[in-house]
$ cat input_7.txt   # compact mmCIF, C-alpha atoms
# COMPACT_ATOMS: atom_id res chain seq x y z
CA MET A 1 3.90 -11.82 -13.83
CA GLU A 2 5.95 -9.69 -11.46
CA HIS A 3 5.56 -10.28 -7.77
CA GLY A 4 4.92 -7.42 -5.37
CA LEU A 5 2.46 -5.55 -7.59
CA GLY A 6 -0.12 -3.45 -5.79
CA PHE A 7 -0.84 0.02 -4.47
CA ALA A 8 2.52 0.42 -2.72
CA HIS A 9 4.36 -0.71 -5.84
CA PHE A 10 2.31 1.70 -7.95
CA ILE A 11 3.08 4.64 -5.63
CA ALA A 12 6.76 3.79 -5.60
CA ASN A 13 7.01 3.66 -9.38
CA THR A 14 4.72 6.51 -10.45
CA ASP A 15 6.10 9.91 -11.39
CA GLY A 16 5.47 13.42 -10.13
CA ILE A 17 2.17 13.82 -12.00
CA GLY A 18 0.87 10.62 -10.45
CA HIS A 19 1.84 11.86 -7.00
CA LEU A 20 0.12 15.19 -7.75
CA VAL A 21 -3.10 13.38 -8.69
CA LEU A 22 -2.93 11.34 -5.49
CA GLY A 23 -2.34 14.53 -3.50
CA ILE A 24 -5.41 16.17 -5.05
CA LEU A 25 -7.59 13.14 -4.30
CA LEU A 26 -6.28 12.97 -0.74
CA SER A 27 -6.96 16.68 -0.21
CA LEU A 28 -10.50 16.40 -1.56
CA SER A 29 -11.14 13.35 0.60
CA LEU A 30 -9.88 15.01 3.78
CA ALA A 31 -11.87 18.17 3.07
CA SER A 32 -15.03 16.16 2.36
CA TRP A 33 -14.81 14.06 5.51
CA TYR A 34 -13.98 17.12 7.63
CA LEU A 35 -17.08 18.88 6.31
CA ILE A 36 -19.22 15.77 6.71
CA ALA A 37 -18.19 15.43 10.36
CA THR A 38 -18.36 19.11 11.33
CA ARG A 39 -21.56 19.94 9.46
CA SER A 40 -23.33 16.84 10.78
CA LEU A 41 -22.44 17.83 14.34
CA ALA A 42 -23.44 21.45 13.72
CA PHE A 43 -26.80 20.40 12.23
CA PHE A 44 -27.51 18.12 15.18
CA GLN A 45 -26.73 20.85 17.70
CA ALA A 46 -28.71 23.48 15.77
CA LYS A 47 -31.76 21.24 15.63
CA ARG A 48 -31.60 20.47 19.35
CA ARG A 49 -31.16 24.12 20.33
CA ALA A 50 -33.92 25.26 17.98
CA THR A 51 -36.33 22.68 19.40
CA GLU A 52 -35.58 23.83 22.95
CA PHE A 53 -36.02 27.50 22.03
CA LEU A 54 -39.27 26.97 20.13
CA ASP A 55 -40.70 25.03 23.05
CA ARG A 56 -39.99 27.98 25.38
CA PHE A 57 -41.13 30.50 22.76
CA TRP A 58 -44.56 29.01 22.23
CA ASN A 59 -45.04 28.55 25.96
CA ALA A 60 -44.35 32.23 26.64
CA LYS A 61 -47.35 34.40 27.55
CA SER A 62 -46.32 37.43 25.48
CA LEU A 63 -43.62 38.82 23.23
CA GLY A 64 -42.33 40.74 26.23
CA GLU A 65 -41.67 37.47 27.99
CA VAL A 66 -39.89 36.24 24.88
CA GLU A 67 -37.63 39.32 25.01
CA THR A 68 -36.81 38.55 28.64
CA LEU A 69 -36.07 34.95 27.65
CA LEU A 70 -33.72 36.05 24.89
CA ALA A 71 -31.93 38.51 27.18
CA GLY A 72 -31.26 35.78 29.73
CA GLN A 73 -29.67 33.20 27.44
CA PRO A 74 -27.25 33.10 24.50
CA VAL A 75 -28.78 33.36 21.05
CA ASP A 76 -27.33 30.13 19.69
CA ASN A 77 -29.73 29.13 16.90
CA ALA A 78 -31.34 30.64 13.82
CA PHE A 79 -34.85 30.76 15.30
CA ALA A 80 -33.73 32.64 18.39
CA GLU A 81 -31.68 35.04 16.26
CA LEU A 82 -34.66 35.73 14.02
CA ALA A 83 -36.87 36.40 17.03
CA ARG A 84 -34.24 38.70 18.57
CA GLN A 85 -33.86 40.73 15.37
CA THR A 86 -37.62 41.05 14.96
CA LEU A 87 -38.30 42.17 18.52
CA GLN A 88 -35.35 44.56 18.46
CA ALA A 89 -36.57 46.13 15.21
CA LYS A 90 -40.09 46.45 16.60
CA ARG A 91 -38.82 48.10 19.78
CA GLU A 92 -36.58 50.53 17.85
CA LEU A 93 -39.42 51.51 15.55
CA GLU A 94 -41.81 52.12 18.43
CA ALA A 95 -39.13 54.15 20.25
CA GLY A 96 -38.91 56.75 17.50
CA GLY A 97 -37.20 55.03 14.61
CA ALA A 98 -40.15 55.69 12.30
CA GLN A 99 -38.33 58.70 10.84
CA LYS A 100 -35.63 56.52 9.33
CA LEU A 101 -35.75 55.52 5.69
CA THR A 102 -35.47 51.85 6.70
CA ALA A 103 -38.83 52.18 8.43
CA ALA A 104 -40.61 53.45 5.31
CA GLY A 105 -43.89 51.64 4.75
CA GLY A 106 -44.74 51.10 8.38
CA LEU A 107 -44.17 48.34 10.89
CA ASN A 108 -45.29 45.49 8.65
CA GLU A 109 -42.96 46.38 5.77
CA TYR A 110 -40.05 47.11 8.09
CA LEU A 111 -40.32 43.78 9.89
CA THR A 112 -40.73 41.97 6.57
CA ARG A 113 -37.38 43.38 5.42
CA VAL A 114 -35.74 42.45 8.71
CA LEU A 115 -37.05 38.89 8.50
CA ARG A 116 -36.10 38.54 4.84
CA ASN A 117 -32.55 39.65 5.61
CA GLY A 118 -32.36 37.20 8.48
CA LEU A 119 -33.55 34.36 6.28
CA ASP A 120 -31.03 35.26 3.57
CA LEU A 121 -28.17 35.27 6.08
CA GLU A 122 -29.18 31.87 7.46
CA SER A 123 -29.50 30.51 3.93
CA ALA A 124 -25.95 31.66 3.18
CA ARG A 125 -24.65 30.12 6.41
CA SER A 126 -26.35 26.81 5.72
CA GLU A 127 -24.67 26.61 2.29
CA PHE A 128 -21.19 26.60 3.84
CA GLY A 129 -19.12 23.68 2.59
CA LEU A 130 -21.55 22.49 -0.07
CA THR A 131 -19.39 23.88 -2.88
CA ILE A 132 -16.43 21.78 -1.73
CA LEU A 133 -18.59 18.67 -1.46
CA ALA A 134 -20.04 19.29 -4.92
CA THR A 135 -16.55 19.80 -6.33
CA ALA A 136 -15.26 16.62 -4.72
CA GLY A 137 -18.27 14.64 -5.92
CA SER A 138 -18.10 15.83 -9.50
CA ALA A 139 -14.36 16.24 -10.08
CA SER A 140 -12.84 13.28 -8.20
CA PRO A 141 -13.86 10.59 -10.74
CA TYR A 142 -12.28 12.60 -13.55
CA VAL A 143 -9.14 13.27 -11.53
CA GLY A 144 -8.89 9.54 -10.80
CA LEU A 145 -9.50 8.71 -14.45
CA PHE A 146 -6.76 11.10 -15.50
CA GLY A 147 -4.45 9.37 -13.02
CA THR A 148 -5.36 6.01 -14.52
CA VAL A 149 -4.71 7.17 -18.09
CA TRP A 150 -1.42 8.73 -17.07
CA GLY A 151 -0.43 5.61 -15.13
CA ILE A 152 -1.19 3.37 -18.11
CA TYR A 153 0.78 5.66 -20.41
CA HIS A 154 3.67 5.71 -17.96
CA ALA A 155 3.60 1.90 -17.61
CA LEU A 156 3.43 1.29 -21.37
CA VAL A 157 6.36 3.60 -21.98
CA GLN A 158 8.43 1.69 -19.43
CA ILE A 159 7.39 -1.67 -20.94
CA GLY A 160 8.19 -0.42 -24.43
CA MET A 161 11.63 0.72 -23.34
CA SER A 162 12.31 -2.68 -21.75
CA GLY A 163 11.24 -4.54 -24.90
CA GLN A 164 9.07 -6.98 -22.93
CA GLY A 165 5.53 -6.52 -24.23
CA THR A 166 3.99 -9.81 -23.22
CA LEU A 167 0.56 -9.95 -21.56
CA ASP A 168 1.94 -10.76 -18.12
CA LYS A 169 4.21 -7.71 -18.32
CA VAL A 170 1.36 -5.40 -19.43
CA ALA A 171 -1.54 -6.60 -17.27
CA GLY A 172 0.14 -5.88 -13.91
CA PRO A 173 1.03 -2.19 -14.49
CA VAL A 174 -2.29 -1.51 -16.22
CA GLY A 175 -4.17 -3.10 -13.33
CA GLU A 176 -2.21 -0.97 -10.88
CA ALA A 177 -3.10 2.18 -12.80
CA LEU A 178 -6.82 1.38 -12.38
CA ILE A 179 -6.32 1.98 -8.65
CA MET A 180 -6.50 5.70 -9.40
CA THR A 181 -10.01 5.38 -10.81
CA ALA A 182 -11.08 3.41 -7.75
CA LEU A 183 -9.63 6.11 -5.49
CA GLY A 184 -11.50 8.79 -7.42
CA LEU A 185 -14.78 6.95 -6.92
CA ALA A 186 -13.98 6.37 -3.23
CA VAL A 187 -13.62 10.13 -2.80
CA ALA A 188 -16.64 11.05 -4.91
CA ILE A 189 -19.31 8.70 -3.54
CA PRO A 190 -19.30 9.92 0.11
CA ALA A 191 -19.13 13.54 -1.09
CA VAL A 192 -22.16 13.12 -3.37
CA LEU A 193 -24.18 11.35 -0.68
CA ALA A 194 -23.31 14.03 1.87
CA TYR A 195 -24.11 16.85 -0.57
CA ASN A 196 -27.56 15.42 -1.27
CA ALA A 197 -28.25 14.84 2.43
CA PHE A 198 -27.14 18.33 3.45
CA SER A 199 -29.06 19.98 0.59
CA ARG A 200 -32.25 18.20 1.67
CA ARG A 201 -31.65 19.19 5.29
CA ASN A 202 -31.12 22.83 4.26
CA ARG A 203 -34.39 22.91 2.30
CA MET A 204 -36.34 21.51 5.24
CA TRP A 205 -34.56 23.78 7.74
CA LEU A 206 -35.16 26.95 5.72
CA ALA A 207 -38.79 26.01 5.06
CA ARG A 208 -39.31 25.58 8.80
CA LEU A 209 -37.53 28.88 9.48
CA ASP A 210 -39.62 30.64 6.85
CA ALA A 211 -42.82 29.41 8.50
CA PHE A 212 -41.55 30.68 11.86
CA ALA A 213 -40.72 34.05 10.28
CA HIS A 214 -44.33 34.31 9.06
CA ASP A 215 -45.59 33.56 12.57
CA LEU A 216 -43.20 36.13 14.02
CA LEU A 217 -44.43 38.80 11.63
CA THR A 218 -48.03 38.08 12.55
CA LEU A 219 -47.35 38.12 16.28
CA ALA A 220 -45.20 41.26 16.13
CA THR A 221 -47.68 43.28 14.09
CA LEU A 222 -50.66 42.19 16.17
CA GLY A 223 -48.86 42.54 19.50
CA ALA A 224 -50.06 39.12 20.59
CA HIS A 225 -50.61 38.05 24.18
CA ALA A 226 -51.63 34.66 25.42
CA PRO A 227 -55.33 34.48 26.39
CA HIS A 228 -56.05 34.59 30.11

$ encode --input "input_7.txt" --output "structure tokens"
Amino acid sequence: MEHGLGFAHFIANTDGIGHLVLGILLSLSLASWYLIATRSLAFFQAKRRATEFLDRFWNAKSLGEVETLLAGQPVDNAFAELARQTLQAKRELEAGGAQKLTAAGGLNEYLTRVLRNGLDLESARSEFGLTILATAGSASPYVGLFGTVWGIYHALVQIGMSGQGTLDKVAGPVGEALIMTALGLAVAIPAVLAYNAFSRRNRMWLARLDAFAHDLLTLATLGAHAPH
């Protein structure tokens, strides 16, 4: 068997299609790990900021105090943004916006539309990057398999042209070609795990936000104040 077989030897002897397959796998891997890192950090920060805001929100004595709280700090999480939109819509409606078509149906219906739009926007934001992770998780094994098939074909053609078809001459190049399948799996597995983890987090996050939206609607329509 030839000495020096391995990944470096395979890269050096593969053709343009093999290099293209490797480039695709490398691109998918880099994109997946970038999204895993950035989305994980963003989710951690969003959870921390939301927890801090909700603690101040539920300790406020009235919705007026919540408005003052929102005016004095950046709106840096979905819960604060939903509260800001709701209170702003309520204030606009009470200040004479009832003549607008958007206010048809009264305060309750108007705030319901505002909250629904806010939830839809947050749902769209939370889906960012999942398509790339799903693509990497589902397509990478097939891209790697294609690279393996092409590598085996390429190796067999070279062996056939050399006229040396013994087992030791075939096993090395074929084994090298299987590296592409391994690379495809190495790209796909982290992407699939991350996609499942992020999808679960999004479901829990949006369910929590939906419950808060219901509480906001109740408080805004009743004009709640803390008991003295």

$ residues_near_point --input "input_7.txt" --point "(-37.6, 26.5, 4.4)" --cutoff "12 Å" --atoms "all atoms listed in the file" --output "VMD selection string"
chain A and resid 119 to 120 122 to 123 126 199 to 214

$ write_last_selection --input "input_7.txt" --atoms "C-alpha atoms" --output "PDB file, in the frame of the given file"
ATOM      1  CA  LEU A 119     -33.550  34.360   6.280  1.00  0.00           C
ATOM      2  CA  ASP A 120     -31.030  35.260   3.570  1.00  0.00           C
ATOM      3  CA  GLU A 122     -29.180  31.870   7.460  1.00  0.00           C
ATOM      4  CA  SER A 123     -29.500  30.510   3.930  1.00  0.00           C
ATOM      5  CA  SER A 126     -26.350  26.810   5.720  1.00  0.00           C
ATOM      6  CA  SER A 199     -29.060  19.980   0.590  1.00  0.00           C
ATOM      7  CA  ARG A 200     -32.250  18.200   1.670  1.00  0.00           C
ATOM      8  CA  ARG A 201     -31.650  19.190   5.290  1.00  0.00           C
ATOM      9  CA  ASN A 202     -31.120  22.830   4.260  1.00  0.00           C
ATOM     10  CA  ARG A 203     -34.390  22.910   2.300  1.00  0.00           C
ATOM     11  CA  MET A 204     -36.340  21.510   5.240  1.00  0.00           C
ATOM     12  CA  TRP A 205     -34.560  23.780   7.740  1.00  0.00           C
ATOM     13  CA  LEU A 206     -35.160  26.950   5.720  1.00  0.00           C
ATOM     14  CA  ALA A 207     -38.790  26.010   5.060  1.00  0.00           C
ATOM     15  CA  ARG A 208     -39.310  25.580   8.800  1.00  0.00           C
ATOM     16  CA  LEU A 209     -37.530  28.880   9.480  1.00  0.00           C
ATOM     17  CA  ASP A 210     -39.620  30.640   6.850  1.00  0.00           C
ATOM     18  CA  ALA A 211     -42.820  29.410   8.500  1.00  0.00           C
ATOM     19  CA  PHE A 212     -41.550  30.680  11.860  1.00  0.00           C
ATOM     20  CA  ALA A 213     -40.720  34.050  10.280  1.00  0.00           C
ATOM     21  CA  HIS A 214     -44.330  34.310   9.060  1.00  0.00           C
TER      22      HIS A 214
END

$ residues_around --input "input_7.txt" --residues "Phe43 in chain A" --least-positions-apart "5" --cutoff "12 Å" --atoms "all atoms listed in the file" --output "list in words"
Leu35, Ile36, Ala37, Thr38, Arg48, Arg49, Ala50, Asn77, Ala78, Arg125, Ser126, Glu127, Phe128, Ala197, Phe198, Ser199, Arg201, Asn202, Met204 and Trp205 of chain A

$ write_last_selection --input "input_7.txt" --atoms "C-alpha atoms" --output "PDB file, keeping the file's coordinate frame"
ATOM      1  CA  LEU A  35     -17.080  18.880   6.310  1.00  0.00           C
ATOM      2  CA  ILE A  36     -19.220  15.770   6.710  1.00  0.00           C
ATOM      3  CA  ALA A  37     -18.190  15.430  10.360  1.00  0.00           C
ATOM      4  CA  THR A  38     -18.360  19.110  11.330  1.00  0.00           C
ATOM      5  CA  ARG A  48     -31.600  20.470  19.350  1.00  0.00           C
ATOM      6  CA  ARG A  49     -31.160  24.120  20.330  1.00  0.00           C
ATOM      7  CA  ALA A  50     -33.920  25.260  17.980  1.00  0.00           C
ATOM      8  CA  ASN A  77     -29.730  29.130  16.900  1.00  0.00           C
ATOM      9  CA  ALA A  78     -31.340  30.640  13.820  1.00  0.00           C
ATOM     10  CA  ARG A 125     -24.650  30.120   6.410  1.00  0.00           C
ATOM     11  CA  SER A 126     -26.350  26.810   5.720  1.00  0.00           C
ATOM     12  CA  GLU A 127     -24.670  26.610   2.290  1.00  0.00           C
ATOM     13  CA  PHE A 128     -21.190  26.600   3.840  1.00  0.00           C
ATOM     14  CA  ALA A 197     -28.250  14.840   2.430  1.00  0.00           C
ATOM     15  CA  PHE A 198     -27.140  18.330   3.450  1.00  0.00           C
ATOM     16  CA  SER A 199     -29.060  19.980   0.590  1.00  0.00           C
ATOM     17  CA  ARG A 201     -31.650  19.190   5.290  1.00  0.00           C
ATOM     18  CA  ASN A 202     -31.120  22.830   4.260  1.00  0.00           C
ATOM     19  CA  MET A 204     -36.340  21.510   5.240  1.00  0.00           C
ATOM     20  CA  TRP A 205     -34.560  23.780   7.740  1.00  0.00           C
TER      21      TRP A 205
END

$ closest_atom_pairs --input "input_7.txt" --of "range 15-126 of chain A" --to "range 172-191 of chain A" --cutoff "8 Å" --atoms "only C-alpha atoms" --output "tab-separated table"
residue	atom	partner	partner_atom	distance
A:Leu22	CA	A:Met180	CA	7.7
A:Leu25	CA	A:Gly184	CA	6.6
A:Leu28	CA	A:Val187	CA	7.1
A:Ser29	CA	A:Val187	CA	5.3
A:Ser32	CA	A:Ala191	CA	6.0
A:Trp33	CA	A:Ala191	CA	7.9

$ write_last_selection --input "input_7.txt" --atoms "C-alpha atoms" --output "tab-separated table (two decimals), in the coordinates of the input"
chain	number	residue	atom	x	y	z
A	22	LEU	CA	-2.93	11.34	-5.49
A	25	LEU	CA	-7.59	13.14	-4.30
A	28	LEU	CA	-10.50	16.40	-1.56
A	29	SER	CA	-11.14	13.35	0.60
A	32	SER	CA	-15.03	16.16	2.36
A	33	TRP	CA	-14.81	14.06	5.51

$ atom_distance --input "input_7.txt" --atom1 "CA of Asp215 in chain A" --atom2 "CA of Arg84 in chain A"
13.8 Å

$ atom_distance --input "input_7.txt" --atom1 "CA of Tyr195 in chain A" --atom2 "CA of Ala134 in chain A"
6.4 Å

$ closest_residue --input "input_7.txt" --among "A:Leu63, A:Val192, A:Leu41, A:Leu54" --to "Thr131 in chain A" --atoms "all atoms listed in the file"
A:Val192

$ atom_distance --input "input_7.txt" --atom1 "CA of Ala60 in chain A" --atom2 "CA of Ala80 in chain A"
13.5 Å

$ residues_around --input "input_7.txt" --residues "Ala71 in chain A" --least-positions-apart "4" --cutoff "12 Å" --atoms "only C-alpha atoms" --output "PDB file with C-alpha atoms, in the frame of the given file"
ATOM      1  CA  GLY A  64     -42.330  40.740  26.230  1.00  0.00           C
ATOM      2  CA  GLU A  65     -41.670  37.470  27.990  1.00  0.00           C
ATOM      3  CA  VAL A  66     -39.890  36.240  24.880  1.00  0.00           C
ATOM      4  CA  GLU A  67     -37.630  39.320  25.010  1.00  0.00           C
ATOM      5  CA  VAL A  75     -28.780  33.360  21.050  1.00  0.00           C
ATOM      6  CA  ALA A  80     -33.730  32.640  18.390  1.00  0.00           C
ATOM      7  CA  GLU A  81     -31.680  35.040  16.260  1.00  0.00           C
ATOM      8  CA  ALA A  83     -36.870  36.400  17.030  1.00  0.00           C
ATOM      9  CA  ARG A  84     -34.240  38.700  18.570  1.00  0.00           C
ATOM     10  CA  LEU A  87     -38.300  42.170  18.520  1.00  0.00           C
ATOM     11  CA  GLN A  88     -35.350  44.560  18.460  1.00  0.00           C
TER      12      GLN A  88
END

$ residues_around --input "input_7.txt" --residues "Ala31 in chain A" --least-positions-apart "4" --cutoff "9 Å" --atoms "only C-alpha atoms" --output "MDAnalysis selection string"
chainID A and resid 26:27 35:36 132:133 136

$ closest_residue --input "input_7.txt" --among "A:Leu222, A:Leu20, A:Leu193, A:Ala95" --to "Asn108 in chain A" --atoms "all atoms listed in the file"
A:Leu222

$ closest_residue --input "input_7.txt" --among "A:Tyr142, A:Ala194, A:Gly160, A:Lys90" --to "Ala220 in chain A" --atoms "all atoms listed in the file"
A:Lys90

$ closest_residue --input "input_7.txt" --among "A:His154, A:His19, A:Arg116, A:Lys47" --to "Leu82 in chain A" --atoms "only C-alpha atoms"
A:Arg116
